[in-house]
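As structure tokens, the structure follows; a few thoughts come after it.
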Amino acid sequence: MGQILVTGGAGYIGAHTVKRLAKAGLEAVVLDNLATGHRDFARWGNFIQGDVRDAAVLDMVFGSRRIDAVVHFAAASQVGQSVSDPLFYYQNNVEGALTLLAAMRRHGVETLVFSSSCAVYGPPLDGSHFGGLLTEDHPIGPLSPYAHTKRMIEQILEDSARAYGLRALCLRYFNAAGADPEGEVGERHQPETHLIPLVLQTALGQRECIQILGDDYATPDGTAVRDYIHVQDLADAHILALAHLRSGGAGGALNLGNGQGHSVRQVVEAARAVTGADIPVRLAPRRAGDSPRLVGDATRAQALLGWRPQFADIREIIRTAWDWHRLEPHDPRPL
Ligand SMILES: NC(=O)c1ccc[n+]([C@@H]2O[C@H](COP(=O)([O-])OP(=O)(O)OC[C@H]3O[C@@H](n4cnc5c(N)ncnc54)[C@H](O)[C@@H]3O)[C@@H](O)[C@H]2O)c1
């Protein structure tokens, strides 16, 4: 078996995946421009600092190694930033994917696992925000330039599968959360936009309070509901996805979620229980483009890959994140 190119392997989900690949005896080559990634996260594979939009770097990487599969994490992924600077998002994410796919074709690499997102889905059909899990058949309806980049790349992969025999799985993650249970890697985004690290930074006194963006949604406690999936469960799904494709399995799109929804208030409550800290909250208006509820049905991934999330309990997920954040040196730059 050849090596696996992991783009964005110095980022949060990528680094956890490279660690799990190494544990499974698979050899990874990490290509990352360190725009939001960290050199110290890329310690389980061979590391190359470079950009996926750079065809010459890709030719060097594919030409000098025996790579037979790619896991493509590299992307800019802040929804708000994508609204204020859409061209950067289309360039970085879509042009990055196109450059990568062209290089894969030049070098005869036909297997790809792609980081997609539940952000590709449109709002609930019946206006109900209480029940219902989103399946892969839910209508597509991206709300931000970021989400559009993910959907565009999915479309490019579908067309490339038909035309060139590319075998690609698009993994639509719900909200990645938690940290390596062995404490070797975790979430370090700057600026941080994800709820659980923000809540834990508040518990550590690094932030004054946590803002609740809207408490008037049609959800049980009025705050937005999300599906939190442990980053190690996501990492394991990539290993299963690679094995599936390498053994001739079909491509397509798969949800990766826990199938359970937790509201912002429930996450804050769970974090209070884990940390023993007070965690002050402040109410703020809704943010444009936020869906009231995004909870995934991962039945298809379970059936196709035999994937079963190991971290079902939100407190367990938060506990792994807490173990990471409280030992992580506090970045002195303004949060
Ligand atoms: N975190 C989540 O909850 C979530 C949910 C859905 C989808 N995703 C997707 O999963 C992937 C990983 O997300 P993450 O949370 O680990 O983000 P991250 O920012 O920690 O990781 C992204 C990595 O890609 C690298 N990168 C970005 N542009 C690059 C380029 N042009 N060339 C080379 N490297 C580049 C960054 O330096 C970083 O290391 C992204 O594609 C993201 O859109 C994340």
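Naming scheme: A, B, ... for chains in displayed order of the structure tokens; residues 1 onward per chain; ligands 1 onward as shown.
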Next on the checklist: Would you pick out the contacts of Ala22 (chain A) at 10 Å or less, using only C-alpha atoms, so that residues sharing its chain but fewer than 5 positions from it are not included, and give the list as a ChimeraX atom specification?
Outcome noted: /A:17,27-28,44-45
Item to check | Near-ligand residues for ligand 1, threshold 6 Å, only C-alpha atoms and all ligand atoms, as JSON, numbers by chain | outcome: {"A": [7, 8, 9, 10, 11, 12, 13, 14, 32, 33, 34, 35, 36, 37, 50, 51, 52, 53, 73, 74, 75, 76, 77, 92, 96, 115, 116, 117, 173, 174, 175, 176]}
Residues from the last selection, N, CA and C atoms, saved as a compact mmCIF listing (two decimals), in the first residue's frame:
```txt
# COMPACT_ATOMS: atom_id res chain seq x y z
N THR A 7 -3.81 16.72 3.10
CA THR A 7 -3.71 18.18 3.02
C THR A 7 -4.40 18.76 4.25
N GLY A 8 -3.83 19.82 4.81
CA GLY A 8 -4.42 20.39 6.02
C GLY A 8 -4.22 19.50 7.24
N GLY A 9 -3.18 18.67 7.18
CA GLY A 9 -2.94 17.71 8.27
C GLY A 9 -2.33 18.32 9.52
N ALA A 10 -2.03 19.65 9.47
CA ALA A 10 -1.55 20.33 10.68
C ALA A 10 -2.68 21.09 11.37
N GLY A 11 -3.90 20.89 10.89
CA GLY A 11 -5.05 21.53 11.51
C GLY A 11 -5.71 20.61 12.53
N TYR A 12 -6.81 21.08 13.06
CA TYR A 12 -7.49 20.38 14.17
C TYR A 12 -7.89 18.94 13.80
N ILE A 13 -8.76 18.80 12.81
CA ILE A 13 -9.26 17.45 12.50
C ILE A 13 -8.17 16.65 11.78
N GLY A 14 -7.40 17.35 10.92
CA GLY A 14 -6.34 16.67 10.17
C GLY A 14 -5.30 16.04 11.09
N ASP A 32 0.65 21.26 4.30
CA ASP A 32 -0.13 22.30 4.98
C ASP A 32 0.62 23.62 4.86
N ASN A 33 -0.10 24.71 4.58
CA ASN A 33 0.58 26.01 4.49
C ASN A 33 0.63 26.72 5.84
N LEU A 34 0.13 26.08 6.87
CA LEU A 34 0.13 26.61 8.24
C LEU A 34 -0.66 27.93 8.37
N ALA A 35 -1.61 28.15 7.44
CA ALA A 35 -2.43 29.37 7.53
C ALA A 35 -3.21 29.36 8.85
N THR A 36 -3.79 28.23 9.19
CA THR A 36 -4.47 28.10 10.49
C THR A 36 -3.98 26.86 11.23
N GLY A 37 -3.04 26.15 10.64
CA GLY A 37 -2.53 24.92 11.28
C GLY A 37 -1.30 25.21 12.12
N GLY A 50 3.50 23.79 2.47
CA GLY A 50 3.20 24.21 1.11
C GLY A 50 1.71 24.39 0.94
N ASP A 51 1.36 24.93 -0.22
CA ASP A 51 -0.04 25.32 -0.47
C ASP A 51 -0.65 24.38 -1.51
N VAL A 52 -1.89 23.97 -1.28
CA VAL A 52 -2.54 23.07 -2.26
C VAL A 52 -2.82 23.78 -3.58
N ARG A 53 -2.73 25.11 -3.60
CA ARG A 53 -2.93 25.82 -4.88
C ARG A 53 -1.65 25.87 -5.69
N PHE A 73 -8.25 17.90 3.75
CA PHE A 73 -8.83 18.75 4.80
C PHE A 73 -8.61 20.23 4.51
N ALA A 74 -7.54 20.55 3.74
CA ALA A 74 -7.09 21.95 3.65
C ALA A 74 -8.20 22.87 3.15
N ALA A 75 -8.55 23.83 3.97
CA ALA A 75 -9.57 24.81 3.60
C ALA A 75 -9.57 25.91 4.63
N ALA A 76 -10.09 27.07 4.20
CA ALA A 76 -10.44 28.10 5.17
C ALA A 76 -11.88 27.82 5.58
N SER A 77 -12.20 27.97 6.87
CA SER A 77 -13.50 27.44 7.29
C SER A 77 -14.26 28.31 8.30
N ASN A 92 -9.14 29.96 -2.15
CA ASN A 92 -8.42 28.99 -1.32
C ASN A 92 -9.07 27.60 -1.43
N GLY A 96 -8.06 25.54 -4.68
CA GLY A 96 -7.20 24.53 -4.03
C GLY A 96 -7.63 23.13 -4.43
N SER A 115 -13.21 16.57 3.09
CA SER A 115 -13.89 17.17 4.25
C SER A 115 -15.01 18.07 3.79
N SER A 116 -16.22 17.55 3.79
CA SER A 116 -17.36 18.43 3.50
C SER A 116 -18.03 18.80 4.82
N SER A 117 -19.23 19.33 4.73
CA SER A 117 -19.83 19.89 5.95
C SER A 117 -21.34 19.80 5.88
N TYR A 173 -19.22 16.56 7.84
CA TYR A 173 -19.11 16.58 9.30
C TYR A 173 -20.19 17.49 9.87
N PHE A 174 -20.70 17.09 11.03
CA PHE A 174 -21.48 18.02 11.83
C PHE A 174 -20.45 18.77 12.69
N ASN A 175 -20.72 19.13 13.95
CA ASN A 175 -19.75 19.99 14.66
C ASN A 175 -18.65 19.16 15.32
N ALA A 176 -17.45 19.29 14.78
CA ALA A 176 -16.31 18.58 15.37
C ALA A 176 -16.05 19.15 16.76
```
Item to check | Residues near Ile140 (chain A), cut-off 8 Å, only C-alpha atoms, skip fewer than 6 positions along chain, as a PyMOL selection string | outcome: chain A and resi 120-122
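Candidate residues A:Asp159, A:Asp236, A:Glu328, A:Asp313 were compared for distance to Lys23 (chain A), and the nearest is A:Asp236, using only C-alpha atoms.
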Item to check | All residues 12 Å or closer to Ile156 (chain A), only C-alpha atoms, same chain fewer than 5 positions away omitted, as number ranges by chain | outcome: A: 94-95, 97-102, 114, 149-151, 161-164, 166, 168, 170, 252
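Among the candidates A:Ala103, A:Leu254, A:Ile239, A:Val70, the one nearest to Val57 (chain A) when counting only C-alpha atoms is A:Ala103.
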Give me the residues of region 290-325 of chain A that have any atom at most 8 Å from an atom of region 209-226 of chain A; for each, the nearest atom pair and the distance in Å, rounded to one decimal. Use only C-alpha atoms, sort by chain and number, and format it as CSV.
```
residue,atom,partner,partner_atom,distance
A:Ser291,CA,A:Ala224,CA,7.3
A:Pro292,CA,A:Ala224,CA,4.8
A:Arg293,CA,A:Val225,CA,4.6
A:Leu294,CA,A:Arg226,CA,5.1
A:Val295,CA,A:Arg226,CA,5.8
```
Contacts of region 249-251 of chain A at 6 Å or less, counting only C-alpha atoms, minus same-chain residues fewer than 4 places along, as an mmCIF file with N, CA and C atoms, in the first residue's frame?
```cif
data_model
loop_
_atom_site.group_PDB
_atom_site.id
_atom_site.type_symbol
_atom_site.label_atom_id
_atom_site.label_comp_id
_atom_site.auth_asym_id
_atom_site.auth_seq_id
_atom_site.Cartn_x
_atom_site.Cartn_y
_atom_site.Cartn_z
ATOM 1 N N ARG A 167 -12.499 8.114 -7.435
ATOM 2 C CA ARG A 167 -13.330 7.502 -6.400
ATOM 3 C C ARG A 167 -13.207 8.371 -5.150
ATOM 4 N N ALA A 168 -14.312 9.068 -4.854
ATOM 5 C CA ALA A 168 -14.246 10.064 -3.783
ATOM 6 C C ALA A 168 -15.398 9.909 -2.813
ATOM 7 N N LEU A 169 -15.082 10.012 -1.534
ATOM 8 C CA LEU A 169 -16.123 10.072 -0.509
ATOM 9 C C LEU A 169 -16.113 11.476 0.091
ATOM 10 N N HIS A 244 -12.483 1.528 2.694
ATOM 11 C CA HIS A 244 -13.644 1.259 1.837
ATOM 12 C C HIS A 244 -13.301 1.552 0.363
ATOM 13 N N LEU A 245 -12.724 2.733 0.117
ATOM 14 C CA LEU A 245 -12.407 3.102 -1.270
ATOM 15 C C LEU A 245 -11.297 2.226 -1.835
#
```
Next on the checklist: Run DSSP on the backbone and tell me which residues of region 105-172 of chain A come out as alpha helix (DSSP H); list them as a PyMOL selection string.
Outcome noted: chain A and resi 105-106+145-164
Output of the above residues as a PDB file, in the first residue's frame, restricted to N, CA and C atoms:
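Just written: selection_13.pdb:
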```pdb
ATOM      1  N   ARG A 105      -4.775  13.721 -11.147  1.00  0.00           N
ATOM      2  CA  ARG A 105      -4.940  13.135 -12.493  1.00  0.00           C
ATOM      3  C   ARG A 105      -3.592  12.961 -13.175  1.00  0.00           C
ATOM      4  N   ARG A 106      -2.747  13.992 -13.064  1.00  0.00           N
ATOM      5  CA  ARG A 106      -1.412  13.905 -13.720  1.00  0.00           C
ATOM      6  C   ARG A 106      -0.617  12.726 -13.185  1.00  0.00           C
ATOM      7  N   PRO A 145     -20.815  31.779   1.701  1.00  0.00           N
ATOM      8  CA  PRO A 145     -19.780  31.448   0.709  1.00  0.00           C
ATOM      9  C   PRO A 145     -18.974  30.214   1.126  1.00  0.00           C
ATOM     10  N   TYR A 146     -18.655  30.102   2.419  1.00  0.00           N
ATOM     11  CA  TYR A 146     -17.932  28.908   2.884  1.00  0.00           C
ATOM     12  C   TYR A 146     -18.693  27.640   2.496  1.00  0.00           C
ATOM     13  N   ALA A 147     -19.995  27.618   2.826  1.00  0.00           N
ATOM     14  CA  ALA A 147     -20.807  26.424   2.538  1.00  0.00           C
ATOM     15  C   ALA A 147     -20.891  26.190   1.031  1.00  0.00           C
ATOM     16  N   HIS A 148     -20.970  27.282   0.262  1.00  0.00           N
ATOM     17  CA  HIS A 148     -20.984  27.134  -1.200  1.00  0.00           C
ATOM     18  C   HIS A 148     -19.702  26.473  -1.692  1.00  0.00           C
ATOM     19  N   THR A 149     -18.549  26.843  -1.092  1.00  0.00           N
ATOM     20  CA  THR A 149     -17.300  26.217  -1.573  1.00  0.00           C
ATOM     21  C   THR A 149     -17.357  24.708  -1.361  1.00  0.00           C
ATOM     22  N   LYS A 150     -17.912  24.295  -0.222  1.00  0.00           N
ATOM     23  CA  LYS A 150     -17.972  22.848   0.059  1.00  0.00           C
ATOM     24  C   LYS A 150     -18.868  22.150  -0.960  1.00  0.00           C
ATOM     25  N   ARG A 151     -20.029  22.767  -1.239  1.00  0.00           N
ATOM     26  CA  ARG A 151     -20.951  22.145  -2.186  1.00  0.00           C
ATOM     27  C   ARG A 151     -20.364  22.127  -3.602  1.00  0.00           C
ATOM     28  N   MET A 152     -19.701  23.227  -3.969  1.00  0.00           N
ATOM     29  CA  MET A 152     -19.094  23.263  -5.319  1.00  0.00           C
ATOM     30  C   MET A 152     -18.065  22.138  -5.471  1.00  0.00           C
ATOM     31  N   ILE A 153     -17.271  21.944  -4.442  1.00  0.00           N
ATOM     32  CA  ILE A 153     -16.242  20.891  -4.531  1.00  0.00           C
ATOM     33  C   ILE A 153     -16.925  19.522  -4.609  1.00  0.00           C
ATOM     34  N   GLU A 154     -18.001  19.330  -3.843  1.00  0.00           N
ATOM     35  CA  GLU A 154     -18.728  18.052  -3.951  1.00  0.00           C
ATOM     36  C   GLU A 154     -19.173  17.822  -5.402  1.00  0.00           C
ATOM     37  N   GLN A 155     -19.695  18.895  -6.024  1.00  0.00           N
ATOM     38  CA  GLN A 155     -20.177  18.776  -7.414  1.00  0.00           C
ATOM     39  C   GLN A 155     -19.022  18.429  -8.350  1.00  0.00           C
ATOM     40  N   ILE A 156     -17.884  19.099  -8.138  1.00  0.00           N
ATOM     41  CA  ILE A 156     -16.702  18.832  -8.972  1.00  0.00           C
ATOM     42  C   ILE A 156     -16.282  17.363  -8.815  1.00  0.00           C
ATOM     43  N   LEU A 157     -16.373  16.853  -7.596  1.00  0.00           N
ATOM     44  CA  LEU A 157     -15.984  15.451  -7.359  1.00  0.00           C
ATOM     45  C   LEU A 157     -16.968  14.494  -8.022  1.00  0.00           C
ATOM     46  N   GLU A 158     -18.271  14.814  -7.943  1.00  0.00           N
ATOM     47  CA  GLU A 158     -19.277  13.948  -8.606  1.00  0.00           C
ATOM     48  C   GLU A 158     -19.006  13.893 -10.107  1.00  0.00           C
ATOM     49  N   ASP A 159     -18.752  15.063 -10.701  1.00  0.00           N
ATOM     50  CA  ASP A 159     -18.508  15.111 -12.147  1.00  0.00           C
ATOM     51  C   ASP A 159     -17.201  14.388 -12.502  1.00  0.00           C
ATOM     52  N   SER A 160     -16.191  14.549 -11.652  1.00  0.00           N
ATOM     53  CA  SER A 160     -14.899  13.903 -11.924  1.00  0.00           C
ATOM     54  C   SER A 160     -15.004  12.388 -11.767  1.00  0.00           C
ATOM     55  N   ALA A 161     -15.871  11.943 -10.864  1.00  0.00           N
ATOM     56  CA  ALA A 161     -16.070  10.497 -10.699  1.00  0.00           C
ATOM     57  C   ALA A 161     -16.646   9.920 -11.988  1.00  0.00           C
ATOM     58  N   ARG A 162     -17.654  10.625 -12.528  1.00  0.00           N
ATOM     59  CA  ARG A 162     -18.276  10.151 -13.780  1.00  0.00           C
ATOM     60  C   ARG A 162     -17.286  10.197 -14.946  1.00  0.00           C
ATOM     61  N   ALA A 163     -16.541  11.295 -15.041  1.00  0.00           N
ATOM     62  CA  ALA A 163     -15.701  11.498 -16.234  1.00  0.00           C
ATOM     63  C   ALA A 163     -14.387  10.730 -16.177  1.00  0.00           C
ATOM     64  N   TYR A 164     -13.752  10.725 -15.019  1.00  0.00           N
ATOM     65  CA  TYR A 164     -12.376  10.203 -14.974  1.00  0.00           C
ATOM     66  C   TYR A 164     -12.215   8.972 -14.085  1.00  0.00           C
TER      67      TYR A 164
END
```
Item to check | Sel. of strand (DSSP E or B) residues, region 151-280 of chain A, as a VMD selection string | outcome: chain A and resid 167 to 173 175 to 177 210 to 213 225 to 226 228 to 230 252 to 256 262 to 263
Checklist entry - Can you tell me how far CA of Gln3 (chain A) sits from CA of Asp68 (chain A), in Å to one decimal? => result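 Spanning CA of Gln3 (chain A) to CA of Asp68 (chain A) is a straight-line distance of 6.2 Å.
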Checklist entry - With distances taken over only C-alpha atoms, which of A:Arg265, A:Arg319, A:Arg326, A:Arg308 is nearest to Gly178 (chain A)? => result A:Arg319
Checklist entry - Taking into account only C-alpha atoms, which residue in the set A:Leu87, A:Leu327, A:Val18, A:Leu58 is nearest to Ala42 (chain A)? => result A:Val18
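With only C-alpha atoms as the atoms that count, the minimum distance from Arg300 (chain A) to the choices A:Arg246, A:Arg172, A:Arg20, A:His230 is reached by A:Arg172.
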Checklist entry - From the list A:Lys19, A:Arg286, A:Arg65, A:His38, which residue is nearest Leu5 (chain A) when using only C-alpha atoms? => result A:Arg65
